[in-house]
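With compact mmCIF, C-alpha atoms and all ligand atoms inside, this is entry_12.txt:
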# COMPACT_ATOMS: atom_id res chain seq x y z
CA MET K 1 -11.47 28.71 6.63
CA LYS K 2 -12.94 26.35 4.04
CA LYS K 3 -11.48 22.83 4.08
CA SER K 4 -9.81 21.53 0.95
CA VAL K 5 -8.70 18.21 -0.51
CA LEU K 6 -6.04 17.63 -3.14
CA ILE K 7 -6.60 14.94 -5.79
CA ILE K 8 -3.32 13.55 -7.11
CA TYR K 9 -3.72 11.74 -10.42
CA THR K 10 -1.10 9.13 -11.32
CA GLY K 11 -2.89 7.25 -14.13
CA GLY K 12 -4.76 3.94 -14.21
CA THR K 13 -8.22 3.03 -15.42
CA ILE K 14 -10.11 5.48 -13.23
CA GLY K 15 -8.92 8.53 -15.13
CA MET K 16 -9.83 7.27 -18.59
CA VAL K 17 -12.55 8.72 -20.81
CA ASN K 18 -13.43 8.16 -24.45
CA ASP K 19 -11.94 10.78 -26.72
CA PRO K 20 -15.04 12.39 -28.29
CA GLU K 21 -13.42 12.40 -31.75
CA THR K 22 -11.61 9.07 -31.93
CA GLY K 23 -13.55 7.08 -29.31
CA ILE K 24 -10.22 5.83 -27.93
CA LEU K 25 -9.72 5.71 -24.15
CA CYS K 26 -7.46 8.55 -23.07
CA PRO K 27 -6.57 10.24 -19.78
CA PHE K 28 -9.11 12.55 -18.28
CA ASN K 29 -8.59 16.31 -18.05
CA PHE K 30 -9.03 17.23 -14.41
CA ASP K 31 -9.83 20.81 -15.27
CA GLN K 32 -13.16 19.38 -16.35
CA ILE K 33 -13.73 17.18 -13.33
CA THR K 34 -17.00 18.86 -12.45
CA LEU K 35 -18.35 18.10 -15.92
CA GLU K 36 -17.44 14.44 -15.57
CA VAL K 37 -18.47 14.11 -11.89
CA PRO K 38 -20.90 16.98 -11.28
CA GLU K 39 -21.91 15.52 -7.89
CA ILE K 40 -18.71 16.79 -6.29
CA ARG K 41 -19.97 20.39 -6.63
CA GLU K 42 -22.22 19.62 -3.69
CA PHE K 43 -19.32 19.14 -1.28
CA ASP K 44 -18.81 22.05 1.07
CA PHE K 45 -15.02 21.85 0.72
CA LYS K 46 -12.66 22.93 -2.00
CA ILE K 47 -11.19 20.33 -4.38
CA ASP K 48 -7.93 20.92 -6.20
CA HIS K 49 -6.03 18.55 -8.43
CA TYR K 50 -2.44 17.77 -9.27
CA THR K 51 -1.63 15.62 -12.29
CA LEU K 52 1.76 13.92 -12.34
CA PRO K 53 3.78 14.77 -15.45
CA GLU K 54 3.82 11.15 -16.63
CA LEU K 55 0.57 9.18 -16.30
CA ILE K 56 1.15 5.45 -16.03
CA ASP K 57 -0.67 2.18 -16.13
CA SER K 58 0.26 1.05 -12.64
CA SER K 59 1.88 -2.11 -14.02
CA ASN K 60 4.72 0.23 -14.97
CA LEU K 61 5.06 1.42 -11.37
CA SER K 62 8.55 1.90 -9.94
CA PRO K 63 9.65 3.16 -6.51
CA ARG K 64 10.40 6.52 -8.16
CA LEU K 65 6.65 7.26 -8.14
CA TRP K 66 6.51 6.74 -4.36
CA VAL K 67 9.22 9.34 -3.90
CA ASP K 68 7.33 11.76 -6.16
CA LEU K 69 4.07 11.16 -4.33
CA CYS K 70 5.67 11.76 -0.91
CA ARG K 71 7.17 15.00 -2.23
CA VAL K 72 3.82 16.25 -3.58
CA ILE K 73 2.09 15.38 -0.28
CA LEU K 74 4.71 17.06 1.89
CA GLU K 75 4.85 20.15 -0.33
CA HIS K 76 1.09 20.58 -0.01
CA HIS K 77 0.62 19.20 3.48
CA GLU K 78 -0.12 22.52 5.17
CA GLN K 79 -2.78 23.62 2.68
CA TYR K 80 -4.93 20.51 2.57
CA HIS K 81 -7.03 18.58 5.04
CA GLY K 82 -6.50 15.38 3.08
CA PHE K 83 -5.30 13.79 -0.15
CA VAL K 84 -6.91 11.44 -2.66
CA ILE K 85 -4.53 9.55 -4.93
CA LEU K 86 -6.00 8.14 -8.14
CA HIS K 87 -3.96 5.10 -9.05
CA GLY K 88 -4.27 1.94 -11.14
CA THR K 89 -5.57 -0.98 -9.14
CA ASP K 90 -2.93 -3.50 -10.23
CA THR K 91 -0.20 -2.22 -7.92
CA MET K 92 -2.18 0.07 -5.64
CA ALA K 93 -1.52 -2.12 -2.60
CA TYR K 94 2.24 -1.74 -3.15
CA SER K 95 2.02 2.04 -3.43
CA ALA K 96 -0.23 2.40 -0.40
CA SER K 97 2.11 0.16 1.63
CA ALA K 98 5.20 2.04 0.50
CA LEU K 99 3.75 5.45 1.38
CA SER K 100 2.63 4.19 4.78
CA PHE K 101 6.26 3.42 5.65
CA MET K 102 7.86 6.39 3.91
CA LEU K 103 5.64 9.11 5.38
CA ASP K 104 6.44 9.83 9.00
CA ARG K 105 4.19 11.80 11.40
CA LEU K 106 1.61 11.99 8.59
CA GLY K 107 -1.49 13.01 10.57
CA LYS K 108 -3.70 13.47 7.47
CA PRO K 109 -5.76 11.14 5.28
CA VAL K 110 -4.04 9.84 2.15
CA ILE K 111 -6.72 7.83 0.35
CA PHE K 112 -5.79 5.75 -2.66
CA THR K 113 -8.60 4.83 -4.99
CA GLY K 114 -9.14 3.71 -8.56
CA SER K 115 -11.73 1.77 -10.48
CA GLN K 116 -12.37 -1.32 -12.54
CA LEU K 117 -14.20 0.63 -15.26
CA PRO K 118 -13.03 4.00 -16.62
CA ILE K 119 -14.75 7.07 -15.18
CA GLY K 120 -16.02 7.87 -18.66
CA LYS K 121 -17.98 4.58 -18.94
CA ILE K 122 -21.65 4.54 -18.10
CA ARG K 123 -21.44 1.79 -15.45
CA THR K 124 -18.20 3.05 -13.96
CA ASP K 125 -17.36 2.34 -10.33
CA GLY K 126 -14.93 5.25 -10.50
CA LYS K 127 -17.40 8.00 -9.63
CA GLU K 128 -18.60 6.36 -6.43
CA ASN K 129 -15.08 5.50 -5.39
CA LEU K 130 -13.88 9.04 -6.04
CA ILE K 131 -16.83 10.64 -4.24
CA ALA K 132 -16.44 8.40 -1.17
CA ALA K 133 -12.67 8.94 -1.11
CA LEU K 134 -13.17 12.72 -1.21
CA GLU K 135 -15.73 12.61 1.58
CA ILE K 136 -13.42 10.55 3.80
CA ALA K 137 -10.35 12.67 2.98
CA ALA K 138 -12.29 15.74 4.17
CA ALA K 139 -13.90 14.11 7.21
CA GLY K 140 -13.18 15.51 10.67
CA ASP K 141 -12.33 18.88 12.13
CA PRO K 142 -9.38 20.93 10.92
CA GLY K 143 -6.26 19.43 12.49
CA HIS K 144 -8.27 16.38 13.57
CA PRO K 145 -9.07 14.25 10.51
CA ILE K 146 -11.00 11.09 11.24
CA VAL K 147 -8.61 8.86 9.27
CA PRO K 148 -5.04 10.20 9.59
CA GLU K 149 -3.36 7.38 7.71
CA VAL K 150 -2.67 5.89 4.26
CA CYS K 151 -5.70 3.90 3.08
CA ILE K 152 -7.26 2.22 0.08
CA LEU K 153 -10.89 2.94 -0.66
CA PHE K 154 -12.61 0.50 -2.97
CA GLY K 155 -16.28 -0.42 -3.37
CA ASP K 156 -17.96 0.00 -0.05
CA ARG K 157 -14.94 -0.32 2.21
CA LEU K 158 -11.95 1.65 3.39
CA PHE K 159 -8.89 -0.42 4.25
CA ARG K 160 -5.56 0.35 5.87
CA GLY K 161 -3.27 0.62 2.84
CA ASN K 162 -0.61 -1.77 4.08
CA ARG K 163 -3.22 -4.41 4.96
CA ALA K 164 -5.04 -4.46 1.64
CA THR K 165 -4.50 -6.69 -1.34
CA LYS K 166 -6.08 -6.86 -4.79
CA ILE K 167 -8.13 -10.04 -4.92
CA ASN K 168 -10.28 -9.72 -8.02
CA ALA K 169 -9.53 -8.58 -11.56
CA GLU K 170 -13.19 -7.91 -12.43
CA SER K 171 -15.40 -7.42 -9.39
CA PHE K 172 -16.17 -3.92 -8.10
CA ASP K 173 -15.02 -5.27 -4.73
CA ALA K 174 -11.48 -5.69 -5.98
CA PHE K 175 -9.68 -5.34 -2.63
CA GLN K 176 -9.74 -7.19 0.61
CA SER K 177 -7.97 -6.99 3.95
CA PHE K 178 -7.92 -10.46 5.42
CA ASN K 179 -6.05 -9.81 8.64
CA TYR K 180 -7.35 -6.41 9.70
CA PRO K 181 -10.89 -5.01 9.83
CA PRO K 182 -11.99 -2.26 7.42
CA LEU K 183 -11.40 1.25 8.75
CA ALA K 184 -14.79 2.31 7.42
CA GLU K 185 -17.83 0.83 5.67
CA ILE K 186 -19.63 2.95 3.15
CA GLY K 187 -23.39 2.63 3.08
CA ILE K 188 -26.05 5.30 3.43
CA ARG K 189 -23.55 6.83 5.83
CA VAL K 190 -19.83 6.29 6.21
CA HIS K 191 -19.50 4.15 9.30
CA TYR K 192 -16.02 4.60 10.79
CA ASN K 193 -14.43 1.83 12.80
CA ARG K 194 -12.69 4.32 15.09
CA ASP K 195 -10.97 1.69 17.25
CA ALA K 196 -9.18 0.32 14.18
CA ILE K 197 -7.87 3.68 12.92
CA LEU K 198 -4.36 4.85 13.84
CA PRO K 199 -4.25 7.78 16.27
CA LEU K 200 -2.90 11.20 15.28
CA PRO K 201 0.88 11.41 15.67
CA ARG K 202 1.76 12.84 19.07
CA SER K 203 4.86 14.69 17.95
CA PRO K 204 4.44 18.44 17.39
CA LEU K 205 7.04 18.25 14.59
CA PRO K 206 5.84 18.52 10.98
CA PRO K 207 5.59 15.39 8.83
CA THR K 208 8.60 14.13 6.97
CA ALA K 209 9.45 11.30 4.57
CA PHE K 210 12.18 8.68 4.28
CA TYR K 211 13.04 8.77 0.62
CA ASN K 212 15.75 6.17 0.62
CA LEU K 213 14.51 2.80 -0.59
CA ASP K 214 16.69 -0.19 -1.35
CA ALA K 215 15.13 -2.22 -4.16
CA ARG K 216 17.80 -4.93 -4.13
CA VAL K 217 15.23 -7.43 -2.95
CA ALA K 218 13.44 -10.48 -4.34
CA ILE K 219 10.27 -12.44 -3.67
CA LEU K 220 10.79 -16.18 -3.60
CA LYS K 221 7.62 -18.24 -3.60
CA VAL K 222 8.09 -21.79 -2.33
CA PHE K 223 6.42 -24.42 -4.53
CA PRO K 224 6.55 -28.21 -4.81
CA GLY K 225 9.55 -28.89 -7.03
CA LEU K 226 11.43 -25.64 -6.32
CA GLY K 227 14.94 -26.55 -7.42
CA ALA K 228 18.16 -25.88 -5.51
CA ASP K 229 19.57 -24.40 -8.72
CA VAL K 230 16.77 -21.81 -8.90
CA MET K 231 17.42 -20.85 -5.28
CA GLU K 232 21.17 -20.66 -5.90
CA ALA K 233 20.59 -18.38 -8.87
CA ILE K 234 18.46 -16.03 -6.77
CA ILE K 235 20.73 -15.82 -3.76
CA SER K 236 23.77 -15.25 -5.94
CA VAL K 237 22.29 -12.13 -7.58
CA PRO K 238 25.06 -9.55 -7.00
CA GLY K 239 24.20 -7.10 -4.23
CA LEU K 240 20.94 -8.81 -3.23
CA ARG K 241 20.07 -7.68 0.32
CA GLY K 242 16.67 -9.10 1.13
CA ILE K 243 14.32 -11.94 0.26
CA ILE K 244 10.60 -12.16 0.96
CA LEU K 245 10.13 -15.90 1.33
CA GLU K 246 6.51 -16.84 0.58
CA THR K 247 5.99 -20.06 2.46
CA TYR K 248 3.10 -22.47 2.95
CA GLY K 249 0.44 -22.14 5.67
CA SER K 250 1.81 -20.89 8.97
CA GLY K 251 5.30 -20.33 7.57
CA ASN K 252 6.29 -23.85 6.54
CA ALA K 253 8.86 -24.84 3.93
CA PRO K 254 10.75 -27.96 2.79
CA THR K 255 13.26 -29.46 5.20
CA HIS K 256 15.55 -31.13 2.65
CA PRO K 257 19.14 -29.90 2.40
CA GLY K 258 18.69 -28.57 -1.15
CA PHE K 259 16.37 -25.95 0.31
CA LEU K 260 17.75 -25.34 3.80
CA ASP K 261 21.41 -25.17 2.74
CA ASN K 262 20.54 -22.38 0.35
CA ILE K 263 18.60 -20.53 3.05
CA ARG K 264 21.60 -20.81 5.38
CA ALA K 265 24.00 -19.74 2.64
CA ALA K 266 21.89 -16.65 1.90
CA LEU K 267 21.77 -15.70 5.58
CA ALA K 268 25.53 -16.26 5.90
CA ARG K 269 26.01 -13.78 3.03
CA GLY K 270 24.08 -11.16 5.02
CA ILE K 271 20.86 -11.46 3.01
CA VAL K 272 17.85 -10.80 5.23
CA ILE K 273 14.98 -13.28 4.84
CA TYR K 274 11.41 -12.31 5.82
CA ASN K 275 8.91 -15.17 6.03
CA VAL K 276 5.35 -14.43 4.81
CA THR K 277 2.56 -16.88 4.17
CA GLN K 278 1.10 -17.71 0.76
CA CYS K 279 -2.33 -17.90 2.41
CA ALA K 280 -4.62 -14.92 1.95
CA GLY K 281 -5.42 -14.81 5.66
CA GLY K 282 -3.74 -15.89 8.89
CA SER K 283 -0.24 -15.63 10.20
CA VAL K 284 3.21 -17.15 10.08
CA ALA K 285 3.99 -18.96 13.35
CA MET K 286 7.53 -20.26 12.96
CA GLY K 287 8.40 -23.19 15.17
CA GLN K 288 4.86 -24.54 15.27
CA TYR K 289 5.77 -27.33 12.81
CA GLU K 290 8.99 -29.19 12.16
CA THR K 291 8.87 -27.62 8.68
CA SER K 292 9.42 -24.10 10.01
CA ARG K 293 11.60 -24.77 13.06
CA GLU K 294 14.79 -24.84 11.04
CA LEU K 295 13.95 -21.52 9.37
CA LEU K 296 13.56 -19.99 12.82
CA ARG K 297 16.81 -21.51 14.07
CA SER K 298 18.68 -20.28 11.00
CA GLY K 299 17.62 -16.67 11.58
CA VAL K 300 14.74 -16.19 9.14
CA ILE K 301 12.50 -13.37 10.44
CA SER K 302 8.76 -13.92 10.83
CA GLY K 303 6.53 -11.57 8.85
CA ARG K 304 3.59 -12.71 11.02
CA ASP K 305 0.36 -11.68 9.27
CA ILE K 306 1.83 -9.10 6.89
CA THR K 307 0.79 -9.08 3.22
CA THR K 308 3.42 -9.80 0.58
CA GLU K 309 2.96 -6.27 -0.82
CA ALA K 310 3.55 -4.66 2.57
CA ALA K 311 6.47 -7.01 3.34
CA LEU K 312 8.24 -6.05 0.11
CA CYS K 313 7.81 -2.31 0.69
CA LYS K 314 8.77 -2.63 4.37
CA MET K 315 11.93 -4.49 3.37
CA MET K 316 12.89 -1.80 0.81
CA HIS K 317 12.22 0.91 3.40
CA VAL K 318 14.09 -0.77 6.27
CA LEU K 319 17.09 -1.68 4.09
CA GLY K 320 17.19 1.90 2.84
CA LYS K 321 17.00 3.32 6.34
CA CYS K 322 19.11 1.05 8.56
CA THR K 323 22.68 -0.10 8.19
CA SER K 324 23.30 -2.64 10.94
CA ILE K 325 21.80 -6.09 10.62
CA GLY K 326 20.58 -5.87 14.23
CA GLU K 327 18.64 -2.69 13.47
CA ILE K 328 17.20 -4.20 10.28
CA ARG K 329 16.00 -7.24 12.21
CA THR K 330 14.47 -5.11 14.96
CA GLN K 331 12.58 -2.96 12.45
CA LEU K 332 11.30 -5.94 10.46
CA ASN K 333 10.13 -7.53 13.71
CA SER K 334 8.38 -4.32 14.77
CA ASN K 335 4.92 -3.11 13.92
CA LEU K 336 5.89 0.16 12.20
CA ARG K 337 2.57 1.38 10.75
CA GLY K 338 -0.06 -1.11 11.79
CA GLU K 339 1.03 -3.58 9.09
CA ILE K 340 1.32 -6.56 11.44
CA THR K 341 -0.60 -7.73 14.46
CA PRO K 342 1.85 -7.66 17.36
CA ASP K 343 2.08 -10.65 19.69
CA LYS K 344 -0.26 -10.40 22.66
N1 LIG F 1 -3.82 -1.87 -15.52
C1 LIG F 1 -4.54 -0.82 -14.80
C2 LIG F 1 -3.59 -0.20 -13.81
O1 LIG F 1 -3.33 -0.77 -12.79
C3 LIG F 1 -5.73 -1.40 -14.14
C4 LIG F 1 -6.49 -0.41 -13.28
O2 LIG F 1 -6.30 0.77 -13.30
O3 LIG F 1 -7.35 -0.86 -12.55
O4 LIG F 1 -3.13 0.89 -14.04
Now, as a test, write the supplied structure out as structure tokens.
Amino acid sequence: MKKSVLIIYTGGTIGMVNDPETGILCPFNFDQITLEVPEIREFDFKIDHYTLPELIDSSNLSPRLWVDLCRVILEHHEQYHGFVILHGTDTMAYSASALSFMLDRLGKPVIFTGSQLPIGKIRTDGKENLIAALEIAAAGDPGHPIVPEVCILFGDRLFRGNRATKINAESFDAFQSFNYPPLAEIGIRVHYNRDAILPLPRSPLPPTAFYNLDARVAILKVFPGLGADVMEAIISVPGLRGIILETYGSGNAPTHPGFLDNIRAALARGIVIYNVTQCAGGSVAMGQYETSRELLRSGVISGRDITTEAALCKMMHVLGKCTSIGEIRTQLNSNLRGEITPDK
């Protein structure tokens, strides 16, 4: 049977073309994809498309889209070898992270891609990104895809979705994964880094998704001059359940009472605090310096080398899935989908 790949279009720059009459950028009609990207006719697999009812600039992303995307993937899971999701670059790392946690026993490629220039522009990066994403989504034998996980393809690299971050607003190499190697490099051939790719799920059960996400979370970035009143305002948000605390270096934060008392007060109110570093690369190592020891003692959880995007989505997922604080802590400490490097 011929392999097939489903393109799911959510919006973003990649799908934009100039309206021939008005010249204004407008969303692309996927029924005409082979006119816009004729190269894809050469693939020996079938390509279908699914356009979401509401196309968005990804700055308008909400967790609702993640639920919709999981539904579309699960509804079509049997028919397709892999999926390519066209998405705006601005929040792509959040969506790829969220889907990596929500989809369970996935076993198929889900490749997010987008572009810096619309597909209808002469120098677009969108065509190459789309073509490479399609090739990778179809790679492997039926039932044995080469990359059975949620990824981001951009420029000449394929990254694990929950390890990637947008680092450049203009360059065609807009994404980077500082703490995990690329899953593939795209040159004359696609060179897969097979040791870095997650294995196929062992369970014979079909894939499923956890749809429940708890968005009662906040990101608090530590900065010189962060006032106790700002912290108080955040921790007293009614119903707040989790804080991603973006700290300095290897997880360090102020030691004065104005800061630490608020951290302790938040923890005492049952708010879970996950410590991630503001640095692009490297890991939180709480207890290494005096300035992180108190966080550790108070019960702040180390996010190790997780990205802020993945930490936020993991927190929403874990808070939506678990009820007891012990279970929440265990899950946040665990490597669920390759998003953190476990201790050796
Ligand atoms: N603002 C756009 C979006 O994220 C940018 C892009 O597509 O790259 O939807």
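Of the residues listed (K:Ala164, K:Ala215, K:Ile186, K:Ala209), K:Ala164 shows the shortest atom-to-atom separation from Gly281 of chain K; distances use only C-alpha atoms.
Atom CA of Ser250 of chain K lies 5.3 Å from atom CA of Ala285 of chain K.
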Find the residues near Phe259 of chain K: any atom within 9 Å, counting all atoms listed in the file, skip ones fewer than 6 places away on the same chain, and give them as an NGL selection string. :K and (226-228 or 231 or 253)
Closest atom pairs, residues of chain K within 8 Å of ligand LIG 1 (chain F), all atoms listed in the file, as a Markdown table:
| residue | atom | partner | partner_atom | distance |
| --- | --- | --- | --- | --- |
| K:Gly11 | CA | F:LIG1 | O4 | 6.4 |
| K:Gly12 | CA | F:LIG1 | O4 | 3.5 |
| K:Thr13 | CA | F:LIG1 | O2 | 3.6 |
| K:Ile14 | CA | F:LIG1 | O2 | 6.1 |
| K:Ile56 | CA | F:LIG1 | O4 | 6.6 |
| K:Asp57 | CA | F:LIG1 | O4 | 3.5 |
| K:Ser58 | CA | F:LIG1 | O4 | 3.7 |
| K:Ser59 | CA | F:LIG1 | O1 | 5.5 |
| K:Asn60 | CA | F:LIG1 | O4 | 7.9 |
| K:His87 | CA | F:LIG1 | O2 | 6.5 |
| K:Gly88 | CA | F:LIG1 | O2 | 3.2 |
| K:Thr89 | CA | F:LIG1 | O3 | 3.8 |
| K:Asp90 | CA | F:LIG1 | O1 | 3.8 |
| K:Thr91 | CA | F:LIG1 | O1 | 6.0 |
| K:Met92 | CA | F:LIG1 | O1 | 7.3 |
| K:Gly114 | CA | F:LIG1 | O2 | 6.3 |
| K:Ser115 | CA | F:LIG1 | O3 | 5.5 |
| K:Gln116 | CA | F:LIG1 | O3 | 5.0 |
| K:Leu117 | CA | F:LIG1 | O3 | 7.5 |
For a cut-off of 12 Å around (14.7, -20.4, 12.1), file coordinates, pick out all residues using only C-alpha atoms and list them as an MDAnalysis selection string. chainID K and resid 251:253 255 260 263:264 267 273:275 285:302
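Once Thr330 of chain K and its same-chain neighbours fewer than 3 positions away are set aside, Val272, Ile301, Ser302, Gly303, Met315, Val318, Leu319, Cys322, Thr323, Ser324, Ile325, Gly326, Glu327, Asn333, Ser334, Asn335 and Leu336 of chain K remain within 12 Å of it when counting only C-alpha atoms.
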Write the residues of the preceding selection, restricted to C-alpha atoms, as a PDB file, in the frame of the given file.
ATOM      1  CA  VAL K 272      17.850 -10.800   5.230  1.00  0.00           C
ATOM      2  CA  ILE K 301      12.500 -13.370  10.440  1.00  0.00           C
ATOM      3  CA  SER K 302       8.760 -13.920  10.830  1.00  0.00           C
ATOM      4  CA  GLY K 303       6.530 -11.570   8.850  1.00  0.00           C
ATOM      5  CA  MET K 315      11.930  -4.490   3.370  1.00  0.00           C
ATOM      6  CA  VAL K 318      14.090  -0.770   6.270  1.00  0.00           C
ATOM      7  CA  LEU K 319      17.090  -1.680   4.090  1.00  0.00           C
ATOM      8  CA  CYS K 322      19.110   1.050   8.560  1.00  0.00           C
ATOM      9  CA  THR K 323      22.680  -0.100   8.190  1.00  0.00           C
ATOM     10  CA  SER K 324      23.300  -2.640  10.940  1.00  0.00           C
ATOM     11  CA  ILE K 325      21.800  -6.090  10.620  1.00  0.00           C
ATOM     12  CA  GLY K 326      20.580  -5.870  14.230  1.00  0.00           C
ATOM     13  CA  GLU K 327      18.640  -2.690  13.470  1.00  0.00           C
ATOM     14  CA  ASN K 333      10.130  -7.530  13.710  1.00  0.00           C
ATOM     15  CA  SER K 334       8.380  -4.320  14.770  1.00  0.00           C
ATOM     16  CA  ASN K 335       4.920  -3.110  13.920  1.00  0.00           C
ATOM     17  CA  LEU K 336       5.890   0.160  12.200  1.00  0.00           C
TER      18      LEU K 336
END
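For the choices K:Lys121, K:Lys321, K:Lys2, K:His76, the atom-to-atom distance to Asp141 of chain K is smallest for K:Lys2 when using only C-alpha atoms.
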Considering all atoms listed in the file, return as a PyMOL selection string whatever protein or nucleic-acid residues lie within 9 Å of Asn193 of chain K, sequence-local ones (same chain, fewer than 2 positions apart) excluded. chain K and resi 181-185+191+195-197
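Those residues positioned at most 7 Å from (17.8, 0.8, -0.3) are Asn212, Leu213, Asp214, Ala215, Arg216, Met316, His317, Leu319 and Gly320 of chain K, judged using all atoms listed in the file.
Take atom CA of Asp156 of chain K and atom CA of Leu134 of chain K: the distance between them is 13.6 Å.
Going from atom CA of Thr308 of chain K over to atom CA of Gln176 of chain K, you cover 13.4 Å.
Comparing K:Val276, K:Leu245, K:Leu205, K:Ala132 by their smallest distance to Ile188 of chain K, the closest is K:Ala132 (using only C-alpha atoms).
Nearest-residue note for Ala138 of chain K: choosing from K:Val17, K:Ile7, K:Leu86, K:Leu25, the minimum distance belongs to K:Ile7, counting only C-alpha atoms.
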Could you name the residues that touch Tyr80 of chain K at 6 Å or less, counting only C-alpha atoms, but leaving out those on the same chain fewer than 3 positions away, as a count of residues only? 3
If the box runs along x, y and z of the file and leaves 5 Å on each side of segment 134-138 of chain K, what are its centre and edge lengths in Å, one decimal, as AutoDock Vina command-line options?
--center_x -13.0 --center_y 13.1 --center_z 1.5 --size_x 15.4 --size_y 15.2 --size_z 15.4
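Of the listed residues K:Pro20, K:Pro27, K:Gly15, K:Pro63, the one whose atoms come nearest to Asn129 of chain K is K:Gly15, with distances taken using only C-alpha atoms.
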Which residue gives the smallest distance to Ser95 of chain K among K:Glu246, K:Glu128, K:Glu54, K:Glu309, with all atoms listed in the file counted? K:Glu309
Closest contacts (segment 93-160 of chain K/segment 28-34 of chain K, max 10 Å, all atoms listed in the file) as CSV:
residue,atom,partner,partner_atom,distance
K:Pro118,CA,K:Phe28,CA,9.6
K:Ile119,CA,K:Phe28,CA,8.5
K:Gly120,CA,K:Phe28,CA,8.4
